[in-house]
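Note: the block below is model37.txt and it holds compact mmCIF, C-alpha atoms and all ligand atoms.
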```
# COMPACT_ATOMS: atom_id res chain seq x y z
CA MET F 1 0.00 0.00 0.00
CA SER F 2 1.34 3.43 -0.96
CA LEU F 3 1.26 6.34 1.53
CA SER F 4 1.42 10.03 0.67
CA ILE F 5 4.33 11.61 2.55
CA ALA F 6 5.02 15.34 2.88
CA ILE F 7 8.63 16.26 3.62
CA VAL F 8 9.13 19.86 4.74
CA GLY F 9 12.55 21.14 3.67
CA ALA F 10 14.80 20.18 0.76
CA GLY F 11 18.09 20.39 2.65
CA ILE F 12 20.45 17.46 2.74
CA GLY F 13 18.21 15.52 5.13
CA GLY F 14 14.96 16.21 3.28
CA LEU F 15 16.44 15.29 -0.09
CA ALA F 16 17.89 12.07 1.29
CA ALA F 17 14.50 11.28 2.84
CA ALA F 18 12.97 11.50 -0.59
CA ALA F 19 14.52 8.02 -0.76
CA LEU F 20 11.17 6.96 0.66
CA ARG F 21 10.16 6.80 -2.96
CA LYS F 22 12.37 3.74 -3.16
CA VAL F 23 10.03 1.85 -0.87
CA GLY F 24 7.02 2.70 -2.98
CA HIS F 25 5.48 5.73 -1.25
CA LYS F 26 4.31 8.95 -2.90
CA VAL F 27 6.64 11.66 -1.65
CA THR F 28 6.40 15.44 -2.02
CA VAL F 29 9.14 17.76 -0.72
CA PHE F 30 8.07 21.31 0.15
CA GLU F 31 10.93 23.82 0.15
CA GLN F 32 10.70 27.51 1.01
CA ALA F 33 13.54 28.62 -1.29
CA ARG F 34 13.02 29.57 -4.92
CA ALA F 35 16.38 28.09 -5.98
CA PHE F 36 19.28 26.23 -4.43
CA ALA F 37 22.39 28.39 -3.96
CA ARG F 38 25.94 26.97 -3.93
CA VAL F 39 26.83 28.54 -0.56
CA GLY F 40 30.57 28.55 0.21
CA ALA F 41 30.73 25.58 2.53
CA GLY F 42 32.56 22.29 2.66
CA ILE F 43 31.19 19.12 4.15
CA GLN F 44 32.77 15.97 5.48
CA GLN F 45 30.97 12.72 4.83
CA SER F 46 32.21 9.90 7.01
CA PRO F 47 31.71 6.20 6.14
CA ASN F 48 28.40 5.97 8.02
CA ALA F 49 26.94 8.63 5.69
CA VAL F 50 28.64 7.30 2.57
CA LYS F 51 27.04 3.87 3.14
CA VAL F 52 23.62 5.54 2.89
CA LEU F 53 24.70 7.53 -0.18
CA ARG F 54 25.85 4.26 -1.75
CA GLY F 55 22.36 2.84 -1.23
CA LEU F 56 20.99 5.89 -3.04
CA GLY F 57 23.26 5.12 -5.99
CA LEU F 58 25.52 8.14 -5.45
CA GLU F 59 28.84 6.71 -4.32
CA THR F 60 30.53 6.44 -7.71
CA GLN F 61 29.76 9.98 -8.83
CA LEU F 62 30.57 11.48 -5.41
CA ARG F 63 33.95 9.72 -5.42
CA LYS F 64 34.71 11.67 -8.61
CA ARG F 65 33.70 14.99 -7.00
CA ALA F 66 35.13 14.51 -3.51
CA PHE F 67 38.60 14.90 -2.06
CA CYS F 68 39.72 11.65 -0.38
CA PRO F 69 43.07 12.18 1.39
CA ASN F 70 45.00 9.38 3.08
CA SER F 71 44.84 11.09 6.44
CA SER F 72 43.70 14.18 8.31
CA LEU F 73 46.05 16.03 10.64
CA ASN F 74 45.46 17.60 14.05
CA ARG F 75 48.08 20.27 14.69
CA LYS F 76 49.05 22.77 17.37
CA HIS F 77 48.03 26.19 16.23
CA ASP F 78 51.44 27.91 16.36
CA THR F 79 54.22 25.32 16.01
CA GLY F 80 52.21 23.07 13.70
CA GLU F 81 53.24 20.03 15.77
CA ILE F 82 51.07 17.05 14.79
CA THR F 83 49.14 15.78 17.81
CA TRP F 84 47.09 13.13 15.98
CA GLU F 85 46.95 11.88 12.43
CA ARG F 86 43.61 10.29 11.66
CA MET F 87 44.12 7.64 8.99
CA LEU F 88 41.62 7.87 6.14
CA GLY F 89 41.91 6.70 2.50
CA ALA F 90 42.13 2.95 1.93
CA GLU F 91 42.58 2.26 5.65
CA VAL F 92 39.27 3.81 6.73
CA GLU F 93 37.50 2.28 3.75
CA GLU F 94 38.73 -1.19 4.58
CA LYS F 95 37.91 -0.84 8.27
CA TYR F 96 34.42 0.69 7.97
CA GLY F 97 33.31 -0.47 4.54
CA ALA F 98 33.06 2.96 2.89
CA PRO F 99 35.32 5.92 2.07
CA TYR F 100 35.58 9.31 3.80
CA PHE F 101 34.70 12.27 1.57
CA TYR F 102 35.59 15.94 1.83
CA MET F 103 33.49 17.89 -0.60
CA HIS F 104 31.61 21.04 -1.41
CA ARG F 105 28.27 21.10 0.38
CA GLY F 106 26.66 22.34 -2.82
CA ASP F 107 27.98 19.34 -4.77
CA LEU F 108 26.45 16.92 -2.28
CA HIS F 109 23.16 18.79 -2.30
CA GLU F 110 23.12 18.90 -6.09
CA ALA F 111 23.79 15.15 -6.36
CA LEU F 112 20.94 14.37 -3.97
CA ALA F 113 18.57 16.70 -5.82
CA ALA F 114 19.48 15.14 -9.16
CA ILE F 115 18.11 11.71 -8.22
CA ILE F 116 14.67 13.11 -7.45
CA PRO F 117 12.34 13.28 -10.44
CA SER F 118 11.02 16.74 -11.31
CA GLY F 119 7.72 17.64 -9.73
CA ILE F 120 8.51 15.98 -6.42
CA ILE F 121 10.27 19.06 -5.05
CA ARG F 122 7.84 21.97 -4.76
CA ARG F 123 9.79 25.22 -4.36
CA GLU F 124 8.61 28.52 -2.86
CA LYS F 125 6.47 26.54 -0.43
CA LYS F 126 7.23 28.00 2.97
CA LEU F 127 5.32 26.08 5.61
CA ILE F 128 3.60 28.35 8.09
CA HIS F 129 1.29 25.92 9.84
CA LEU F 130 0.42 22.26 10.06
CA TRP F 131 -2.28 20.30 11.86
CA GLN F 132 -3.51 16.72 11.90
CA ASN F 133 -6.54 14.56 12.53
CA ASP F 134 -7.36 10.86 12.10
CA ASN F 135 -7.32 11.21 8.32
CA GLY F 136 -3.84 12.66 8.04
CA VAL F 137 -1.87 15.88 8.02
CA GLN F 138 -2.77 19.26 6.55
CA LEU F 139 -0.03 21.74 5.62
CA GLU F 140 -0.48 25.45 5.02
CA PHE F 141 2.03 27.55 3.11
CA ALA F 142 2.90 31.24 3.04
CA ASP F 143 1.56 31.59 -0.52
CA GLY F 144 -1.93 30.66 0.72
CA THR F 145 -1.92 27.12 -0.68
CA GLU F 146 -2.48 23.93 1.29
CA ALA F 147 -1.55 20.28 0.94
CA THR F 148 -2.58 17.06 2.62
CA ALA F 149 -0.64 13.89 3.30
CA ASP F 150 -0.94 10.66 5.26
CA LEU F 151 2.12 11.67 7.27
CA ALA F 152 4.65 14.49 7.40
CA ILE F 153 8.36 14.73 8.14
CA GLY F 154 9.87 18.00 9.35
CA ALA F 155 13.28 18.24 7.70
CA ASP F 156 13.20 22.02 7.96
CA GLY F 157 16.47 22.54 9.76
CA VAL F 158 17.62 24.22 12.89
CA HIS F 159 14.78 26.77 13.02
CA SER F 160 12.14 24.11 12.31
CA ILE F 161 8.58 25.36 12.21
CA VAL F 162 7.42 21.73 12.34
CA ARG F 163 9.27 21.13 15.63
CA GLU F 164 7.90 24.37 17.03
CA THR F 165 4.35 23.45 15.99
CA LEU F 166 4.62 20.02 17.61
CA TRP F 167 6.60 20.82 20.73
CA GLY F 168 6.72 24.61 21.19
CA ALA F 169 9.62 27.03 20.92
CA GLU F 170 12.99 25.89 22.17
CA ALA F 171 15.65 27.88 24.00
CA PRO F 172 19.05 27.27 22.37
CA ARG F 173 22.17 28.34 24.25
CA PHE F 174 24.59 30.55 22.35
CA THR F 175 28.11 29.17 22.81
CA GLY F 176 29.65 32.63 22.47
CA ARG F 177 31.42 31.29 19.39
CA VAL F 178 31.01 31.71 15.66
CA ALA F 179 32.00 29.65 12.64
CA TYR F 180 33.66 31.67 9.89
CA ARG F 181 33.65 29.65 6.70
CA THR F 182 34.15 29.93 3.00
CA THR F 183 35.36 28.13 -0.10
CA PHE F 184 37.65 29.77 -2.62
CA PRO F 185 39.88 28.80 -5.60
CA THR F 186 43.30 27.42 -4.70
CA ALA F 187 44.67 29.62 -7.49
CA LEU F 188 44.31 32.59 -5.12
CA MET F 189 47.02 31.07 -2.88
CA ASN F 190 49.75 32.14 -5.36
CA GLY F 191 51.49 28.78 -5.13
CA ALA F 192 51.35 28.40 -1.33
CA THR F 193 50.19 24.90 -0.35
CA ILE F 194 48.22 23.49 2.58
CA ASP F 195 47.74 20.08 4.16
CA GLY F 196 45.02 18.10 2.39
CA SER F 197 42.98 18.22 5.58
CA ALA F 198 43.97 19.63 8.97
CA LYS F 199 42.48 20.96 12.19
CA TRP F 200 44.62 23.59 13.89
CA TRP F 201 43.95 23.69 17.65
CA GLY F 202 44.54 26.99 19.49
CA PRO F 203 43.98 27.52 23.22
CA ASP F 204 40.41 28.86 22.79
CA ARG F 205 39.73 28.61 19.04
CA HIS F 206 40.39 26.34 16.09
CA ILE F 207 40.29 26.28 12.33
CA VAL F 208 39.64 23.30 10.04
CA MET F 209 40.92 23.49 6.46
CA TYR F 210 40.64 21.06 3.56
CA TYR F 211 40.28 20.76 -0.19
CA VAL F 212 36.78 20.08 -1.49
CA THR F 213 37.62 18.61 -4.91
CA PRO F 214 39.88 15.77 -6.05
CA HIS F 215 41.89 18.28 -8.11
CA ARG F 216 42.66 20.34 -4.98
CA ASP F 217 41.50 23.43 -6.83
CA GLU F 218 39.09 24.67 -4.14
CA ILE F 219 39.88 25.25 -0.46
CA TYR F 220 37.44 25.33 2.45
CA PHE F 221 37.93 26.45 5.99
CA VAL F 222 35.65 26.67 9.00
CA THR F 223 36.50 28.09 12.41
CA SER F 224 35.23 28.07 15.95
CA THR F 225 36.03 31.59 17.13
CA PRO F 226 35.04 33.32 20.39
CA GLU F 227 32.76 36.21 19.49
CA PRO F 228 30.06 36.78 22.10
CA ASP F 229 28.18 39.53 20.27
CA PHE F 230 27.09 37.74 17.08
CA GLN F 231 24.11 35.42 17.34
CA VAL F 232 22.81 34.81 13.81
CA GLU F 233 22.45 31.24 12.49
CA SER F 234 22.26 31.70 8.76
CA TRP F 235 23.99 30.31 5.69
CA SER F 236 24.00 33.78 4.09
CA ALA F 237 25.33 36.11 6.87
CA MET F 238 28.72 37.58 5.92
CA GLY F 239 31.77 38.06 8.16
CA ASP F 240 34.51 40.69 8.29
CA LEU F 241 37.83 39.37 6.94
CA GLU F 242 39.95 41.79 8.94
CA ILE F 243 38.37 40.67 12.22
CA LEU F 244 38.87 37.04 11.21
CA ARG F 245 42.53 37.52 10.23
CA ASP F 246 43.20 39.34 13.47
CA ALA F 247 41.63 36.50 15.47
CA TYR F 248 44.12 34.06 13.89
CA LYS F 249 47.21 36.28 13.79
CA ASP F 250 49.05 34.00 16.25
CA PHE F 251 48.43 30.89 14.16
CA HIS F 252 50.95 29.07 11.94
CA PRO F 253 51.91 30.71 8.60
CA GLN F 254 49.96 28.00 6.71
CA VAL F 255 46.74 29.16 8.38
CA ARG F 256 47.55 32.82 7.89
CA SER F 257 48.30 32.28 4.20
CA VAL F 258 44.81 30.80 3.70
CA LEU F 259 43.10 33.65 5.56
CA ALA F 260 45.17 36.20 3.63
CA ALA F 261 44.10 34.68 0.30
CA CYS F 262 40.39 34.19 0.88
CA PRO F 263 38.25 36.87 -0.78
CA ASN F 264 35.19 36.75 1.49
CA VAL F 265 33.77 34.80 4.37
CA HIS F 266 30.43 33.72 5.83
CA LYS F 267 29.65 33.67 9.51
CA TRP F 268 27.36 31.33 11.50
CA ALA F 269 26.77 31.66 15.26
CA LEU F 270 27.26 28.35 17.08
CA PHE F 271 24.41 27.36 19.40
CA GLU F 272 24.05 24.32 21.64
CA ARG F 273 20.76 22.52 22.00
CA ASP F 274 19.77 19.62 24.17
CA PRO F 275 18.25 16.58 22.49
CA VAL F 276 14.56 17.20 21.72
CA PRO F 277 12.62 15.04 24.28
CA GLN F 278 10.24 13.61 21.66
CA TRP F 279 10.21 13.72 17.88
CA ARG F 280 6.89 12.19 16.82
CA LYS F 281 3.45 13.56 17.55
CA GLY F 282 0.67 11.60 15.85
CA LYS F 283 1.60 11.20 12.21
CA VAL F 284 4.26 13.89 12.11
CA THR F 285 7.92 13.38 12.95
CA LEU F 286 11.24 15.17 12.60
CA LEU F 287 14.53 14.46 10.83
CA GLY F 288 18.01 16.01 10.77
CA ASP F 289 18.72 19.38 12.36
CA SER F 290 15.06 19.88 13.23
CA CYS F 291 15.39 17.22 15.95
CA HIS F 292 19.12 16.78 16.60
CA PRO F 293 20.95 20.01 15.72
CA MET F 294 24.56 19.68 16.76
CA THR F 295 27.75 21.70 16.84
CA PRO F 296 29.87 20.94 13.76
CA TYR F 297 32.88 19.66 15.77
CA MET F 298 32.38 16.01 14.81
CA ALA F 299 31.14 16.78 11.27
CA GLN F 300 28.07 14.60 11.89
CA GLY F 301 25.06 16.92 11.44
CA ALA F 302 24.35 16.13 7.81
CA ALA F 303 25.75 12.61 8.17
CA THR F 304 23.18 11.77 10.85
CA ALA F 305 20.38 13.45 8.86
CA ILE F 306 21.29 11.14 5.98
CA GLU F 307 21.25 8.15 8.34
CA ASP F 308 17.78 9.23 9.56
CA ALA F 309 16.58 9.15 5.97
CA ALA F 310 17.64 5.55 5.39
CA VAL F 311 16.17 4.38 8.69
CA ILE F 312 12.81 6.10 8.23
CA ALA F 313 12.59 4.60 4.73
CA ARG F 314 13.15 1.16 6.21
CA CYS F 315 10.61 1.75 9.00
CA LEU F 316 7.93 2.83 6.51
CA ASN F 317 8.63 0.04 4.03
CA GLY F 318 5.41 -1.90 3.45
CA VAL F 319 3.52 0.13 6.06
CA GLY F 320 -0.18 0.95 5.62
CA HIS F 321 -2.36 3.68 7.13
CA ASN F 322 -2.96 1.89 10.42
CA GLU F 323 0.71 1.29 11.10
CA ILE F 324 2.09 4.80 10.51
CA LYS F 325 2.36 5.81 14.17
CA ALA F 326 4.02 2.56 15.17
CA ALA F 327 6.51 2.81 12.29
CA LEU F 328 7.42 6.41 13.16
CA GLN F 329 7.89 5.39 16.78
CA ILE F 330 10.30 2.61 15.81
CA TYR F 331 12.26 5.18 13.79
CA GLU F 332 12.44 7.55 16.77
CA ASN F 333 13.25 4.83 19.30
CA HIS F 334 16.12 3.65 17.15
CA ARG F 335 17.55 6.98 16.05
CA LYS F 336 17.22 9.16 19.14
CA PRO F 337 19.77 7.45 21.40
CA ARG F 338 22.44 7.55 18.71
CA THR F 339 21.89 11.15 17.65
CA SER F 340 21.54 12.37 21.27
CA ARG F 341 24.87 10.81 22.11
CA ILE F 342 26.60 12.38 19.10
CA GLN F 343 25.04 15.77 19.96
CA LYS F 344 26.48 15.57 23.46
CA VAL F 345 29.97 14.42 22.46
CA SER F 346 30.18 16.87 19.59
CA ARG F 347 29.57 19.89 21.78
CA LEU F 348 32.61 19.01 23.96
CA ASN F 349 35.04 19.41 21.04
CA ASP F 350 37.40 17.10 22.92
CA LEU F 351 39.84 15.25 20.68
CA ASP F 352 40.19 12.24 23.01
CA LYS F 353 36.42 11.80 23.28
CA ILE F 354 36.01 12.20 19.52
CA LYS F 355 38.66 9.50 18.95
CA ILE F 356 36.76 7.11 21.23
CA GLU F 357 33.47 7.77 19.42
CA THR F 358 34.91 7.21 15.95
CA GLU F 359 34.43 3.44 15.95
CA ARG F 360 30.77 3.66 17.01
CA VAL F 361 29.99 6.51 14.60
CA PHE F 362 31.73 5.25 11.47
CA SER F 363 30.81 1.55 11.74
CA TYR F 364 27.04 2.20 11.73
CA ASP F 365 25.23 1.04 8.64
CA ALA F 366 21.74 2.57 8.46
CA TRP F 367 20.61 0.09 5.80
CA GLN F 368 21.62 -2.98 7.83
CA VAL F 369 21.38 -2.10 11.51
CA ILE F 370 18.75 -4.05 13.45
CA LEU F 371 15.75 -1.81 14.16
CA SER F 372 14.32 -2.58 17.54
C1 LIG S 401 29.73 25.57 10.06
C2 LIG S 401 29.10 24.23 9.87
C3 LIG S 401 29.85 23.16 9.37
C4 LIG S 401 29.26 21.89 9.21
N1 LIG S 401 30.02 20.85 8.72
C5 LIG S 401 29.45 19.62 8.59
C6 LIG S 401 30.20 18.50 8.08
O1 LIG S 401 31.38 18.63 7.72
N2 LIG S 401 29.58 17.30 7.97
C7 LIG S 401 28.27 17.11 8.34
O2 LIG S 401 27.76 15.98 8.22
N3 LIG S 401 27.54 18.14 8.82
C8 LIG S 401 28.09 19.37 8.95
N4 LIG S 401 27.34 20.43 9.40
C9 LIG S 401 25.94 20.21 9.77
C10 LIG S 401 25.04 20.21 8.56
O3 LIG S 401 25.23 21.35 7.78
C11 LIG S 401 23.59 20.13 9.02
O4 LIG S 401 23.47 19.18 10.05
C12 LIG S 401 22.69 19.72 7.87
O5 LIG S 401 22.69 20.74 6.91
C13 LIG S 401 21.29 19.44 8.37
O6 LIG S 401 20.49 19.11 7.27
P1 LIG S 401 18.91 19.32 7.34
O7 LIG S 401 18.40 18.83 6.04
O8 LIG S 401 18.38 18.74 8.60
O9 LIG S 401 18.72 20.89 7.48
P2 LIG S 401 19.10 22.04 6.44
O10 LIG S 401 20.27 21.64 5.63
O11 LIG S 401 19.20 23.29 7.25
O12 LIG S 401 17.86 22.12 5.47
C14 LIG S 401 16.61 22.62 5.90
C15 LIG S 401 15.81 22.99 4.66
O13 LIG S 401 14.49 23.32 5.06
C16 LIG S 401 14.08 24.51 4.40
N5 LIG S 401 13.08 25.14 5.26
C17 LIG S 401 13.26 25.73 6.46
N6 LIG S 401 12.10 26.20 6.95
C18 LIG S 401 11.15 25.88 6.02
C19 LIG S 401 9.73 26.11 5.96
N7 LIG S 401 9.07 26.74 6.93
N8 LIG S 401 9.07 25.66 4.87
C20 LIG S 401 9.73 25.01 3.85
N9 LIG S 401 11.07 24.80 3.86
C21 LIG S 401 11.77 25.22 4.95
C22 LIG S 401 15.37 25.31 4.27
O14 LIG S 401 15.27 26.30 3.26
C23 LIG S 401 16.37 24.21 3.94
O15 LIG S 401 16.43 23.95 2.56
C24 LIG S 401 27.91 21.71 9.56
C25 LIG S 401 27.16 22.78 10.04
C26 LIG S 401 27.74 24.03 10.20
C27 LIG S 401 26.91 25.16 10.74
```

Same coordinates, now as structure tokens:
Amino acid sequence: MSLSIAIVGAGIGGLAAAALRKVGHKVTVFEQARAFARVGAGIQQSPNAVKVLRGLGLETQLRKRAFCPNSSLNRKHDTGEITWERMLGAEVEEKYGAPYFYMHRGDLHEALAAIIPSGIIRREKKLIHLWQNDNGVQLEFADGTEATADLAIGADGVHSIVRETLWGAEAPRFTGRVAYRTTFPTALMNGATIDGSAKWWGPDRHIVMYYVTPHRDEIYFVTSTPEPDFQVESWSAMGDLEILRDAYKDFHPQVRSVLAACPNVHKWALFERDPVPQWRKGKVTLLGDSCHPMTPYMAQGAATAIEDAAVIARCLNGVGHNEIKAALQIYENHRKPRTSRIQKVSRLNDLDKIKIETERVFSYDAWQVILS
């Protein structure tokens, strides 16, 4: 039996969740934006995410677009001393059954969007309200239109209107820190080179830098920088390069050369949120940042949203109208402990704790794991 499923939000999680088509349901994705912009951001996709992407048929093409170094370095901010080299490349692939990708966020988003037939993503559909009764879910959009579905999934990100409708407004805690980030052509470096991937640890701030293409022709960096007065979480807010360069003036010349070369930078305030106590209400549930927003320190926000997508597809496989609530509850019961744990470890930004978590995080296979 085929269900009609409304997914709110065509971010990485919402697009991956459109995989529900694979199990025979009728999916519609409602996205507020008119078009998808290639915002200057990199993204790491660890083996747990790549296993899901493989199931969506994307591994081969993403391998061609991603940067896959043999290792990633952790360095002291000033001397450059290597404190830990995380082995990647063939070693991580052999151990966890999938590669580790560094790529442009826009390339990942574009690849996910490309496997969804036209008509399934409805743009300029900003959800403003949703309600439900025994027959299903009703969605109301800012343009005055409405839609109905047997069930709905809120994949509408960190400021989720679906979460707020179900569970009320939340109170995130500002960490006092911001992420400066951008991508730019390596050609602007005038011949200066960088490590393929490195995290430079200062006493109270860090910067992560890596290439986002196999040709090493585009560089990405993202920081965690103390800045108590800026509290905007937005992919489009811009930062001041002079303030950024000054904040990293004591860092190693390799870092300073990247900051000197970059032409512009975005800025995202870093908030902490506790795990949402419940995801599902009736026939509506949440996915990705709407229910487990996390600091980017373990690079698992999108990865876990992608895992959610595979698990919810499995839970809804073969499900009819009377089993929707039970299926969504199995999804939540299975996913919440894992994502809550990653949320909590990620916020610590503690290298030793991250090392310990690696095995648990990378070895997970959302297509195979037993759902209890
Ligand atoms: C600085 C930084 C670095 C990061 N690095 C990594 C990394 O390396 N690896 C990783 O895995 N994760 C990383 N993340 C986390 C990752 O970006 C997020 O976890 C991921 O984007 C969440 O995906 P999502 O689909 O849940 O939400 P989003 O990507 O935010 O998508 C939500 C979508 O919903 C739409 N929407 C919102 N409201 C409405 C509405 N009312 N109606 C209709 N549509 C709506 C939005 O327009 C958007 O398209 C990073 C995050 C930050 C801030």

Practice item. Name each residue within 6 Å of ligand LIG 401 (chain S), counting all atoms listed in the file, as a PyMOL selection string. Key: chain F and resi 8-14+30-33+43-45+125-128+155-158+160-161+179+288-290+296+299-303+305

With all atoms listed in the file counted and 10 Å as the cut-off, give the residues of segment 101-180 of chain F in contact with segment 224-239 of chain F, each with its shortest interatomic distance in Å and the pair that gives it, as a tab-separated table.
```
residue	atom	partner	partner_atom	distance
F:Val158	CA	F:Glu233	CA	8.5
F:His159	CA	F:Glu233	CA	8.9
F:Phe174	CA	F:Gln231	CA	7.0
F:Thr175	CA	F:Pro228	CA	7.9
F:Gly176	CA	F:Pro228	CA	4.2
F:Arg177	CA	F:Pro226	CA	4.3
F:Val178	CA	F:Thr225	CA	5.2
F:Ala179	CA	F:Ser224	CA	4.9
F:Tyr180	CA	F:Gly239	CA	6.9
```

Exercise for review: Go ahead and compute the interatomic distance for atom CA of His206 of chain F and atom CA of Pro293 of chain F, in Å to one decimal.
Suggested key: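 Computed distance, atom CA of His206 of chain F to atom CA of Pro293 of chain F, equals 20.4 Å.
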
Within 7 Å of segment 67-81 of chain F, counting all atoms listed in the file, which residues qualify if same-chain residues fewer than 3 places away don't, as a PDB file with C-alpha atoms, keeping the file's coordinate frame?
```pdb
ATOM      1  CA  TRP F  84      47.090  13.130  15.980  1.00  0.00           C
ATOM      2  CA  GLU F  85      46.950  11.880  12.430  1.00  0.00           C
ATOM      3  CA  ARG F  86      43.610  10.290  11.660  1.00  0.00           C
ATOM      4  CA  MET F  87      44.120   7.640   8.990  1.00  0.00           C
ATOM      5  CA  LEU F  88      41.620   7.870   6.140  1.00  0.00           C
ATOM      6  CA  GLY F  89      41.910   6.700   2.500  1.00  0.00           C
ATOM      7  CA  TYR F 100      35.580   9.310   3.800  1.00  0.00           C
ATOM      8  CA  PHE F 101      34.700  12.270   1.570  1.00  0.00           C
ATOM      9  CA  TYR F 102      35.590  15.940   1.830  1.00  0.00           C
ATOM     10  CA  MET F 103      33.490  17.890  -0.600  1.00  0.00           C
ATOM     11  CA  GLY F 196      45.020  18.100   2.390  1.00  0.00           C
ATOM     12  CA  SER F 197      42.980  18.220   5.580  1.00  0.00           C
ATOM     13  CA  ALA F 198      43.970  19.630   8.970  1.00  0.00           C
ATOM     14  CA  LYS F 199      42.480  20.960  12.190  1.00  0.00           C
ATOM     15  CA  TRP F 200      44.620  23.590  13.890  1.00  0.00           C
ATOM     16  CA  TRP F 201      43.950  23.690  17.650  1.00  0.00           C
ATOM     17  CA  GLY F 202      44.540  26.990  19.490  1.00  0.00           C
ATOM     18  CA  TYR F 211      40.280  20.760  -0.190  1.00  0.00           C
ATOM     19  CA  VAL F 212      36.780  20.080  -1.490  1.00  0.00           C
ATOM     20  CA  THR F 213      37.620  18.610  -4.910  1.00  0.00           C
ATOM     21  CA  PRO F 214      39.880  15.770  -6.050  1.00  0.00           C
ATOM     22  CA  ASP F 250      49.050  34.000  16.250  1.00  0.00           C
ATOM     23  CA  PHE F 251      48.430  30.890  14.160  1.00  0.00           C
ATOM     24  CA  HIS F 252      50.950  29.070  11.940  1.00  0.00           C
TER      25      HIS F 252
END
```

Exercise for review: Write out as an MDAnalysis selection string which residues come within 12 Å of Gly168 of chain F when counting all atoms listed in the file, dropping same-chain ones fewer than 2 positions away.
Suggested key: chainID F and resid 159:166 170:171 276:279

Point to revise | Nearest candidate to Leu108 of chain F (options F:Ile7, F:Phe221, F:Asn48, F:Ile306; using only C-alpha atoms) | key: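 Smallest distance to Leu108 of chain F is found for F:Ile306.
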
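Computed from the coordinates, the atom CA of Asp107 of chain F to atom CA of Ala35 of chain F distance equals 14.6 Å.
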
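Here atom CA of Leu188 of chain F and atom CA of Arg256 of chain F stand 13.4 Å from one another.
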
Point to revise | Surrounding residues of Arg105 of chain F excluding itself and chain neighbours under 6 positions, 8 Å, only C-alpha atoms, as JSON, numbers by chain | key: {"F": [38, 39, 40, 41, 42, 43]}
